[in-house]
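> Submitted below is the structure of interest, expressed as structure tokens.
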Amino acid sequence: MSLLEFENVNGFYGNSHVLFDLDMTVEQNEVVALLGRNGAGKTTTFRAITGTIPRREGRIEYRGESIARKSVEAISNSGIKLVPEERRIFPTLTVQENLVVARDAASGTPRDIEEMYEIFSVLDDLRENRGQNLSGGEQQMLSIARALVQNPDLLLLDEPTEGLAPVIVEDLTEILEDIVSRDVTVIIAEQNVEFALSLSERAYIIESGENAWDGTIEELRDREDLLEQYLSVGVASD
Ligand SMILES: Nc1ncnc2c1ncn2[C@@H]1O[C@H](COP(=O)(O)OP(=O)(O)OP(=O)(O)O)[C@@H](O)[C@H]1O
């Protein structure tokens, strides 16, 4: 049984139809990239998983059970956590307080806060700093740490590198490698293709809310045409 299965998923904002018969399968402990240009439907796909889209249709199963009609809260409690593009931290609380609040709100058994400082060593020195005084990179780390401390099985990262300097993106790559080694399944929605490919095993490309391509990262690295057509980038092959 796959961890997450999407079959013929359609998504709507009011009268606006934005996801069209989307198919996607994610296995336990995989890292999957969700790629596509601005407005392709990556965030909306995440919203279809978390239940925050106004209307969704089709088969959406998590651990073999339909979540298509479950509430946002029930889906979150089942172990799916989203780190949204607009980093969600409490600006007036310290790093430590941000983590405590997240940990205490966990529905199941949370992870240990000290484990978060091990993974996100940059936060260790900033425990007493308020969220609002952190750099963009530090806020992104805290945002991911807040989701991770709740011990999710499936972590959805929406454009985690947006606005981050290349050196911070490198740090984030290492941190995510560490996270995936701790039994967390991850879907990364990104426009930074090199970052997404360096972490993932498989990718889905979506274009105008439809499946455009899916396959392994190895296959994708040989397909400059796809990268140019759907993502407007070339990618270094190694
Ligand atoms: N709240 C909304 N109401 C109506 N249409 C929306 C809403 N949010 C997104 N859309 C539309 O849905 C489509 C998919 O947007 P979505 O945000 O999912 O794309 P994305 O791939 O995540 O892009 P981005 O990189 O900009 O986040 C776009 O055409 C967008 O204009």
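All residue names refer to the structure tokens as shown: chains lettered A, B, ... in order, residues numbered from 1 in each chain, ligands numbered from 1 in order.
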Neighbouring residues of Val72 in chain A were defined as those with any atom within 7 Å, considering only C-alpha atoms; residues of the same chain fewer than 4 positions away were excluded. Please report them as an mmCIF file with N, CA and C atoms, in the first residue's frame.

data_model
loop_
_atom_site.group_PDB
_atom_site.id
_atom_site.type_symbol
_atom_site.label_atom_id
_atom_site.label_comp_id
_atom_site.auth_asym_id
_atom_site.auth_seq_id
_atom_site.Cartn_x
_atom_site.Cartn_y
_atom_site.Cartn_z
ATOM 1 N N THR A 50 -4.135 18.456 2.118
ATOM 2 C CA THR A 50 -4.405 18.877 3.501
ATOM 3 C C THR A 50 -5.874 19.238 3.740
ATOM 4 N N GLY A 51 -6.643 19.307 2.656
ATOM 5 C CA GLY A 51 -8.075 19.578 2.801
ATOM 6 C C GLY A 51 -8.423 21.050 2.870
ATOM 7 N N THR A 52 -7.451 21.920 2.613
ATOM 8 C CA THR A 52 -7.742 23.354 2.715
ATOM 9 C C THR A 52 -8.219 23.966 1.396
ATOM 10 N N SER A 76 -4.601 16.573 9.405
ATOM 11 C CA SER A 76 -3.393 16.971 10.127
ATOM 12 C C SER A 76 -3.091 15.970 11.249
#
> Quick one: residues within 12 Å of Asn98 in chain A, only C-alpha atoms counted, chain neighbours fewer than 4 positions away excluded, as a PyMOL selection string?
chain A and resi 88-94+102-105+113+116+123+126-132+139+141-147+149
> Just want the 12 Å neighbourhood of Leu176 in chain A, counted on only C-alpha atoms, with same-chain residues fewer than 6 positions away dropped. Output as a PDB file with N, CA and C atoms, in the first residue's frame.

ATOM      1  N   VAL A  31      11.268  10.609  -1.176  1.00  0.00           N
ATOM      2  CA  VAL A  31      11.287  12.062  -1.301  1.00  0.00           C
ATOM      3  C   VAL A  31      10.878  12.347  -2.741  1.00  0.00           C
ATOM      4  N   ILE A 119      19.191  18.741  14.765  1.00  0.00           N
ATOM      5  CA  ILE A 119      19.021  18.788  13.304  1.00  0.00           C
ATOM      6  C   ILE A 119      19.279  20.201  12.789  1.00  0.00           C
ATOM      7  N   PHE A 120      18.671  21.176  13.465  1.00  0.00           N
ATOM      8  CA  PHE A 120      18.780  22.581  13.026  1.00  0.00           C
ATOM      9  C   PHE A 120      19.751  23.282  13.966  1.00  0.00           C
ATOM     10  N   MET A 141      14.019  27.577   8.680  1.00  0.00           N
ATOM     11  CA  MET A 141      14.436  26.426   9.501  1.00  0.00           C
ATOM     12  C   MET A 141      13.430  26.227  10.644  1.00  0.00           C
ATOM     13  N   ILE A 144      10.154  24.769   9.472  1.00  0.00           N
ATOM     14  CA  ILE A 144      10.229  23.317   9.225  1.00  0.00           C
ATOM     15  C   ILE A 144      10.351  22.574  10.559  1.00  0.00           C
ATOM     16  N   ALA A 145      11.140  23.134  11.486  1.00  0.00           N
ATOM     17  CA  ALA A 145      11.310  22.486  12.795  1.00  0.00           C
ATOM     18  C   ALA A 145       9.973  22.408  13.536  1.00  0.00           C
ATOM     19  N   LEU A 148       8.189  19.550  12.066  1.00  0.00           N
ATOM     20  CA  LEU A 148       8.841  18.263  12.350  1.00  0.00           C
ATOM     21  C   LEU A 148       8.690  17.824  13.799  1.00  0.00           C
ATOM     22  N   LEU A 155       5.631  15.035   5.255  1.00  0.00           N
ATOM     23  CA  LEU A 155       5.930  16.462   5.364  1.00  0.00           C
ATOM     24  C   LEU A 155       5.824  17.077   3.973  1.00  0.00           C
ATOM     25  N   LEU A 156       5.015  18.123   3.865  1.00  0.00           N
ATOM     26  CA  LEU A 156       4.834  18.808   2.584  1.00  0.00           C
ATOM     27  C   LEU A 156       5.554  20.141   2.670  1.00  0.00           C
ATOM     28  N   LEU A 157       6.547  20.347   1.838  1.00  0.00           N
ATOM     29  CA  LEU A 157       7.328  21.589   1.886  1.00  0.00           C
ATOM     30  C   LEU A 157       7.014  22.411   0.648  1.00  0.00           C
ATOM     31  N   PRO A 160      10.453  25.680  -0.163  1.00  0.00           N
ATOM     32  CA  PRO A 160      11.255  26.022   1.016  1.00  0.00           C
ATOM     33  C   PRO A 160      12.442  26.926   0.736  1.00  0.00           C
ATOM     34  N   THR A 161      12.930  26.955  -0.510  1.00  0.00           N
ATOM     35  CA  THR A 161      14.132  27.766  -0.774  1.00  0.00           C
ATOM     36  C   THR A 161      13.798  29.180  -1.219  1.00  0.00           C
ATOM     37  N   VAL A 169      20.580  27.709   1.144  1.00  0.00           N
ATOM     38  CA  VAL A 169      19.960  26.589   0.427  1.00  0.00           C
ATOM     39  C   VAL A 169      20.820  25.330   0.613  1.00  0.00           C
ATOM     40  N   GLU A 170      22.139  25.516   0.596  1.00  0.00           N
ATOM     41  CA  GLU A 170      23.033  24.362   0.837  1.00  0.00           C
ATOM     42  C   GLU A 170      22.819  23.796   2.241  1.00  0.00           C
ATOM     43  N   ARG A 182      15.350  10.130   8.911  1.00  0.00           N
ATOM     44  CA  ARG A 182      14.620   9.844  10.160  1.00  0.00           C
ATOM     45  C   ARG A 182      13.201   9.392   9.893  1.00  0.00           C
ATOM     46  N   ASP A 183      13.013   8.630   8.820  1.00  0.00           N
ATOM     47  CA  ASP A 183      11.703   8.006   8.542  1.00  0.00           C
ATOM     48  C   ASP A 183      10.592   9.004   8.271  1.00  0.00           C
ATOM     49  N   VAL A 184      10.901  10.086   7.598  1.00  0.00           N
ATOM     50  CA  VAL A 184       9.851  11.034   7.234  1.00  0.00           C
ATOM     51  C   VAL A 184       9.749  11.027   5.707  1.00  0.00           C
ATOM     52  N   THR A 185       8.538  10.917   5.210  1.00  0.00           N
ATOM     53  CA  THR A 185       8.303  10.987   3.766  1.00  0.00           C
ATOM     54  C   THR A 185       8.099  12.467   3.421  1.00  0.00           C
ATOM     55  N   VAL A 186       8.705  12.897   2.320  1.00  0.00           N
ATOM     56  CA  VAL A 186       8.679  14.339   2.024  1.00  0.00           C
ATOM     57  C   VAL A 186       8.242  14.576   0.575  1.00  0.00           C
ATOM     58  N   ILE A 187       7.359  15.535   0.399  1.00  0.00           N
ATOM     59  CA  ILE A 187       7.070  16.042  -0.947  1.00  0.00           C
ATOM     60  C   ILE A 187       7.527  17.495  -0.958  1.00  0.00           C
ATOM     61  N   ILE A 188       8.378  17.822  -1.940  1.00  0.00           N
ATOM     62  CA  ILE A 188       8.913  19.179  -2.035  1.00  0.00           C
ATOM     63  C   ILE A 188       8.374  19.845  -3.293  1.00  0.00           C
ATOM     64  N   PHE A 195      17.804  22.197  -6.473  1.00  0.00           N
ATOM     65  CA  PHE A 195      17.610  21.853  -5.060  1.00  0.00           C
ATOM     66  C   PHE A 195      16.677  20.641  -4.934  1.00  0.00           C
ATOM     67  N   ALA A 196      15.562  20.702  -5.642  1.00  0.00           N
ATOM     68  CA  ALA A 196      14.576  19.617  -5.532  1.00  0.00           C
ATOM     69  C   ALA A 196      15.169  18.304  -6.044  1.00  0.00           C
ATOM     70  N   SER A 198      18.278  17.438  -6.140  1.00  0.00           N
ATOM     71  CA  SER A 198      19.380  16.918  -5.326  1.00  0.00           C
ATOM     72  C   SER A 198      18.857  16.097  -4.141  1.00  0.00           C
ATOM     73  N   LEU A 199      17.608  16.300  -3.769  1.00  0.00           N
ATOM     74  CA  LEU A 199      17.061  15.590  -2.605  1.00  0.00           C
ATOM     75  C   LEU A 199      16.117  14.453  -2.963  1.00  0.00           C
ATOM     76  N   SER A 200      15.524  14.523  -4.152  1.00  0.00           N
ATOM     77  CA  SER A 200      14.409  13.625  -4.456  1.00  0.00           C
ATOM     78  C   SER A 200      14.837  12.390  -5.230  1.00  0.00           C
TER      79      SER A 200
END
> Taking only C-alpha atoms and all ligand atoms into account, which residues have an atom no farther than 9 Å from ligand 1? I'd like them as a tab-separated table (two decimals) with N, CA and C atoms, in the first residue's frame.

chain	number	residue	atom	x	y	z
A	11	GLY	N	-9.50	19.91	-8.56
A	11	GLY	CA	-9.56	20.90	-7.48
A	11	GLY	C	-10.16	22.20	-7.99
A	12	PHE	N	-10.90	22.84	-7.12
A	12	PHE	CA	-11.64	24.04	-7.52
A	12	PHE	C	-11.53	25.13	-6.45
A	13	TYR	N	-11.41	26.38	-6.94
A	13	TYR	CA	-11.63	27.55	-6.08
A	13	TYR	C	-12.93	28.18	-6.59
A	14	GLY	N	-14.02	28.01	-5.90
A	14	GLY	CA	-15.30	28.51	-6.40
A	14	GLY	C	-15.59	27.91	-7.77
A	15	ASN	N	-15.82	28.77	-8.76
A	15	ASN	CA	-16.10	28.27	-10.11
A	15	ASN	C	-14.83	28.00	-10.90
A	16	SER	N	-13.72	28.28	-10.30
A	16	SER	CA	-12.46	28.16	-11.02
A	16	SER	C	-11.88	26.75	-10.84
A	17	HIS	N	-11.79	26.03	-11.96
A	17	HIS	CA	-11.30	24.64	-11.95
A	17	HIS	C	-9.79	24.71	-12.16
A	18	VAL	N	-8.98	24.28	-11.16
A	18	VAL	CA	-7.52	24.47	-11.30
A	18	VAL	C	-6.70	23.18	-11.28
A	19	LEU	N	-7.24	22.09	-10.78
A	19	LEU	CA	-6.53	20.80	-10.88
A	19	LEU	C	-7.37	19.88	-11.75
A	34	LEU	N	7.71	17.96	-6.55
A	34	LEU	CA	6.54	18.42	-7.30
A	34	LEU	C	6.99	19.71	-7.99
A	35	LEU	N	7.16	19.59	-9.29
A	35	LEU	CA	7.77	20.69	-10.03
A	35	LEU	C	6.77	21.34	-10.97
A	36	GLY	N	6.99	22.59	-11.21
A	36	GLY	CA	6.11	23.30	-12.14
A	36	GLY	C	6.33	24.78	-11.97
A	37	ARG	N	5.99	25.48	-13.02
A	37	ARG	CA	6.17	26.92	-13.00
A	37	ARG	C	5.24	27.59	-11.99
A	38	ASN	N	5.47	28.86	-11.77
A	38	ASN	CA	4.58	29.71	-11.01
A	38	ASN	C	3.13	29.50	-11.48
A	39	GLY	N	2.24	29.18	-10.57
A	39	GLY	CA	0.83	29.06	-10.95
A	39	GLY	C	0.47	27.72	-11.57
A	40	ALA	N	1.41	26.77	-11.60
A	40	ALA	CA	1.14	25.46	-12.22
A	40	ALA	C	0.13	24.64	-11.41
A	41	GLY	N	0.09	24.89	-10.10
A	41	GLY	CA	-0.86	24.15	-9.26
A	41	GLY	C	-0.21	23.38	-8.12
A	42	LYS	N	1.04	23.71	-7.80
A	42	LYS	CA	1.74	22.96	-6.75
A	42	LYS	C	1.11	23.21	-5.38
A	43	THR	N	0.91	24.47	-5.04
A	43	THR	CA	0.30	24.79	-3.74
A	43	THR	C	-1.10	24.20	-3.66
A	44	THR	N	-1.83	24.29	-4.76
A	44	THR	CA	-3.20	23.77	-4.76
A	44	THR	C	-3.20	22.25	-4.57
A	45	THR	N	-2.20	21.58	-5.13
A	45	THR	CA	-2.09	20.12	-4.93
A	45	THR	C	-1.90	19.84	-3.44
A	46	PHE	N	-1.03	20.61	-2.79
A	46	PHE	CA	-0.86	20.45	-1.34
A	46	PHE	C	-2.17	20.72	-0.61
A	47	ARG	N	-2.89	21.73	-1.08
A	47	ARG	CA	-4.16	22.06	-0.42
A	47	ARG	C	-5.19	20.95	-0.61
A	53	ILE	N	-8.27	23.17	0.35
A	53	ILE	CA	-8.83	23.66	-0.91
A	53	ILE	C	-10.35	23.72	-0.75
A	54	PRO	N	-11.02	24.73	-1.35
A	54	PRO	CA	-12.48	24.80	-1.15
A	54	PRO	C	-13.24	23.56	-1.65
A	85	GLU	N	4.43	28.21	2.09
A	85	GLU	CA	5.40	29.12	1.48
A	85	GLU	C	5.65	30.32	2.39
A	158	ASP	N	6.43	23.59	0.86
A	158	ASP	CA	6.04	24.43	-0.27
A	158	ASP	C	7.11	25.49	-0.52
A	159	GLU	N	7.86	25.30	-1.57
A	159	GLU	CA	8.92	26.23	-1.98
A	159	GLU	C	9.81	26.65	-0.82
A	189	ALA	N	7.59	20.90	-3.12
A	189	ALA	CA	7.15	21.70	-4.26
A	189	ALA	C	8.19	22.78	-4.47
A	190	GLU	N	8.74	22.86	-5.65
A	190	GLU	CA	9.84	23.80	-5.87
A	190	GLU	C	9.88	24.35	-7.28
A	191	GLN	N	10.41	25.56	-7.37
A	191	GLN	CA	10.82	26.08	-8.67
A	191	GLN	C	12.33	26.01	-8.79
A	206	ILE	N	3.96	19.31	-13.03
A	206	ILE	CA	2.59	19.68	-13.36
A	206	ILE	C	2.59	21.02	-14.11
A	207	GLU	N	1.62	21.11	-15.00
A	207	GLU	CA	1.51	22.30	-15.85
A	207	GLU	C	0.03	22.60	-15.98
A	208	SER	N	-0.36	23.81	-15.67
A	208	SER	CA	-1.77	24.21	-15.73
A	208	SER	C	-2.69	23.20	-15.02
A	209	GLY	N	-2.23	22.72	-13.87
A	209	GLY	CA	-3.06	21.82	-13.06
A	209	GLY	C	-3.18	20.41	-13.58
> Taking the chain letters and numbering used in this document, name the residues of range 79-203 of chain A that DSSP puts in strand (DSSP E or B), as a VMD selection string.
chain A and resid 80 to 83 94 130 154 to 158 185 to 190 202 to 203
> Using the selection just defined, write its residues with N, CA and C atoms as a compact mmCIF listing (two decimals), in the first residue's frame.

# COMPACT_ATOMS: atom_id res chain seq x y z
N ILE A 80 -0.04 14.31 8.56
CA ILE A 80 0.40 15.08 7.38
C ILE A 80 0.59 16.53 7.81
N LYS A 81 1.80 17.05 7.61
CA LYS A 81 2.06 18.45 8.00
C LYS A 81 2.59 19.23 6.82
N LEU A 82 2.03 20.42 6.67
CA LEU A 82 2.44 21.31 5.59
C LEU A 82 3.30 22.44 6.14
N VAL A 83 4.42 22.71 5.48
CA VAL A 83 5.18 23.92 5.77
C VAL A 83 4.88 24.87 4.61
N THR A 94 9.85 33.45 21.21
CA THR A 94 11.24 33.04 20.95
C THR A 94 11.24 31.73 20.15
N ARG A 130 13.62 36.15 19.37
CA ARG A 130 12.24 36.16 18.88
C ARG A 130 12.20 35.86 17.39
N LEU A 154 4.26 12.42 6.91
CA LEU A 154 4.37 13.02 5.58
C LEU A 154 4.51 14.53 5.74
N LEU A 155 5.63 15.04 5.26
CA LEU A 155 5.93 16.46 5.36
C LEU A 155 5.82 17.08 3.97
N LEU A 156 5.01 18.12 3.87
CA LEU A 156 4.83 18.81 2.58
C LEU A 156 5.55 20.14 2.67
N LEU A 157 6.55 20.35 1.84
CA LEU A 157 7.33 21.59 1.89
C LEU A 157 7.01 22.41 0.65
N ASP A 158 6.43 23.59 0.86
CA ASP A 158 6.04 24.43 -0.27
C ASP A 158 7.11 25.49 -0.52
N THR A 185 8.54 10.92 5.21
CA THR A 185 8.30 10.99 3.77
C THR A 185 8.10 12.47 3.42
N VAL A 186 8.70 12.90 2.32
CA VAL A 186 8.68 14.34 2.02
C VAL A 186 8.24 14.58 0.58
N ILE A 187 7.36 15.53 0.40
CA ILE A 187 7.07 16.04 -0.95
C ILE A 187 7.53 17.50 -0.96
N ILE A 188 8.38 17.82 -1.94
CA ILE A 188 8.91 19.18 -2.03
C ILE A 188 8.37 19.84 -3.29
N ALA A 189 7.59 20.90 -3.12
CA ALA A 189 7.15 21.70 -4.26
C ALA A 189 8.19 22.78 -4.47
N GLU A 190 8.74 22.86 -5.65
CA GLU A 190 9.84 23.80 -5.87
C GLU A 190 9.88 24.35 -7.28
N ARG A 202 12.13 10.81 -7.10
CA ARG A 202 11.21 10.87 -8.24
C ARG A 202 10.63 12.27 -8.32
N ALA A 203 10.07 12.58 -9.48
CA ALA A 203 9.47 13.91 -9.64
C ALA A 203 8.17 13.82 -10.42
> Apply DSSP to the structure's backbone, then extract all residues of range 43-230 of chain A labelled alpha helix (DSSP H) and return them as an NGL selection string.
:A and (43-50 or 72-77 or 95-104 or 113-119 or 121-124 or 136-148 or 166-180 or 193-199 or 217-221 or 224-230)
> Keeping only C-alpha atoms, write those residues as a PDB file, in the first residue's frame.

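Final output, result36.pdb:
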ATOM      1  CA  THR A  43       0.304  24.790  -3.742  1.00  0.00           C
ATOM      2  CA  THR A  44      -3.203  23.772  -4.763  1.00  0.00           C
ATOM      3  CA  THR A  45      -2.085  20.120  -4.928  1.00  0.00           C
ATOM      4  CA  PHE A  46      -0.860  20.448  -1.342  1.00  0.00           C
ATOM      5  CA  ARG A  47      -4.161  22.060  -0.419  1.00  0.00           C
ATOM      6  CA  ALA A  48      -5.981  19.085  -1.931  1.00  0.00           C
ATOM      7  CA  ILE A  49      -3.940  16.803   0.341  1.00  0.00           C
ATOM      8  CA  THR A  50      -4.405  18.877   3.501  1.00  0.00           C
ATOM      9  CA  VAL A  72      -8.426  19.691   7.782  1.00  0.00           C
ATOM     10  CA  GLU A  73      -7.924  18.839  11.438  1.00  0.00           C
ATOM     11  CA  ALA A  74      -8.442  15.100  10.968  1.00  0.00           C
ATOM     12  CA  ILE A  75      -5.957  15.070   8.079  1.00  0.00           C
ATOM     13  CA  SER A  76      -3.393  16.971  10.127  1.00  0.00           C
ATOM     14  CA  ASN A  77      -3.935  14.616  13.050  1.00  0.00           C
ATOM     15  CA  VAL A  95      12.579  30.105  18.960  1.00  0.00           C
ATOM     16  CA  GLN A  96      12.180  27.868  22.000  1.00  0.00           C
ATOM     17  CA  GLU A  97       8.620  29.091  22.628  1.00  0.00           C
ATOM     18  CA  ASN A  98       7.721  28.551  18.979  1.00  0.00           C
ATOM     19  CA  LEU A  99       8.880  24.949  19.271  1.00  0.00           C
ATOM     20  CA  VAL A 100       7.130  24.376  22.593  1.00  0.00           C
ATOM     21  CA  VAL A 101       3.812  25.661  21.233  1.00  0.00           C
ATOM     22  CA  ALA A 102       4.118  23.408  18.185  1.00  0.00           C
ATOM     23  CA  ARG A 103       5.154  20.398  20.265  1.00  0.00           C
ATOM     24  CA  ASP A 104       2.297  20.873  22.720  1.00  0.00           C
ATOM     25  CA  ILE A 113      12.743  19.646  21.078  1.00  0.00           C
ATOM     26  CA  GLU A 114      16.420  18.872  21.707  1.00  0.00           C
ATOM     27  CA  GLU A 115      16.332  16.667  18.603  1.00  0.00           C
ATOM     28  CA  MET A 116      15.250  19.739  16.631  1.00  0.00           C
ATOM     29  CA  TYR A 117      18.301  21.650  17.882  1.00  0.00           C
ATOM     30  CA  GLU A 118      20.474  18.703  16.813  1.00  0.00           C
ATOM     31  CA  ILE A 119      19.021  18.788  13.304  1.00  0.00           C
ATOM     32  CA  SER A 121      22.018  23.514  14.770  1.00  0.00           C
ATOM     33  CA  VAL A 122      21.654  27.158  13.707  1.00  0.00           C
ATOM     34  CA  LEU A 123      18.569  27.387  15.951  1.00  0.00           C
ATOM     35  CA  ASP A 124      20.464  26.048  18.942  1.00  0.00           C
ATOM     36  CA  GLY A 136      14.708  34.542   6.326  1.00  0.00           C
ATOM     37  CA  GLY A 137      16.779  31.358   6.366  1.00  0.00           C
ATOM     38  CA  GLU A 138      16.471  30.978  10.135  1.00  0.00           C
ATOM     39  CA  GLN A 139      12.715  31.540   9.924  1.00  0.00           C
ATOM     40  CA  GLN A 140      12.478  28.847   7.276  1.00  0.00           C
ATOM     41  CA  MET A 141      14.436  26.426   9.501  1.00  0.00           C
ATOM     42  CA  LEU A 142      12.140  27.245  12.424  1.00  0.00           C
ATOM     43  CA  SER A 143       9.076  26.805  10.269  1.00  0.00           C
ATOM     44  CA  ILE A 144      10.229  23.317   9.225  1.00  0.00           C
ATOM     45  CA  ALA A 145      11.310  22.486  12.795  1.00  0.00           C
ATOM     46  CA  ARG A 146       7.828  23.446  14.070  1.00  0.00           C
ATOM     47  CA  ALA A 147       6.272  20.972  11.649  1.00  0.00           C
ATOM     48  CA  LEU A 148       8.841  18.263  12.350  1.00  0.00           C
ATOM     49  CA  PRO A 166      22.499  29.961  -2.091  1.00  0.00           C
ATOM     50  CA  VAL A 167      24.621  29.240   0.996  1.00  0.00           C
ATOM     51  CA  ILE A 168      21.446  28.834   3.105  1.00  0.00           C
ATOM     52  CA  VAL A 169      19.960  26.589   0.427  1.00  0.00           C
ATOM     53  CA  GLU A 170      23.033  24.362   0.837  1.00  0.00           C
ATOM     54  CA  ASP A 171      22.467  24.228   4.621  1.00  0.00           C
ATOM     55  CA  LEU A 172      18.811  23.413   4.039  1.00  0.00           C
ATOM     56  CA  THR A 173      19.756  20.602   1.659  1.00  0.00           C
ATOM     57  CA  GLU A 174      21.888  18.974   4.360  1.00  0.00           C
ATOM     58  CA  ILE A 175      19.162  19.425   6.962  1.00  0.00           C
ATOM     59  CA  LEU A 176      16.550  17.827   4.732  1.00  0.00           C
ATOM     60  CA  GLU A 177      18.877  14.902   4.006  1.00  0.00           C
ATOM     61  CA  ASP A 178      19.077  14.421   7.761  1.00  0.00           C
ATOM     62  CA  ILE A 179      15.297  14.661   8.132  1.00  0.00           C
ATOM     63  CA  VAL A 180      14.569  12.070   5.454  1.00  0.00           C
ATOM     64  CA  VAL A 193      14.876  22.514  -9.698  1.00  0.00           C
ATOM     65  CA  GLU A 194      18.483  21.806  -8.762  1.00  0.00           C
ATOM     66  CA  PHE A 195      17.610  21.853  -5.060  1.00  0.00           C
ATOM     67  CA  ALA A 196      14.576  19.617  -5.532  1.00  0.00           C
ATOM     68  CA  LEU A 197      16.457  17.145  -7.725  1.00  0.00           C
ATOM     69  CA  SER A 198      19.380  16.918  -5.326  1.00  0.00           C
ATOM     70  CA  LEU A 199      17.061  15.590  -2.605  1.00  0.00           C
ATOM     71  CA  ILE A 217      15.313  12.018 -11.143  1.00  0.00           C
ATOM     72  CA  GLU A 218      17.844  10.094 -13.245  1.00  0.00           C
ATOM     73  CA  GLU A 219      15.426  10.115 -16.146  1.00  0.00           C
ATOM     74  CA  LEU A 220      14.644  13.775 -15.624  1.00  0.00           C
ATOM     75  CA  ARG A 221      18.297  14.821 -15.636  1.00  0.00           C
ATOM     76  CA  GLU A 224      16.690  18.957 -20.841  1.00  0.00           C
ATOM     77  CA  ASP A 225      13.683  19.354 -23.126  1.00  0.00           C
ATOM     78  CA  LEU A 226      11.241  18.825 -20.239  1.00  0.00           C
ATOM     79  CA  LEU A 227      13.125  21.141 -17.954  1.00  0.00           C
ATOM     80  CA  GLU A 228      13.083  23.845 -20.578  1.00  0.00           C
ATOM     81  CA  GLN A 229       9.495  23.241 -21.637  1.00  0.00           C
ATOM     82  CA  TYR A 230       7.890  23.066 -18.223  1.00  0.00           C
TER      83      TYR A 230
END
> Could you jot down the CA of Ser232 in chain A to CA of Leu22 in chain A separation for me, Å, one decimal place?
21.8 Å
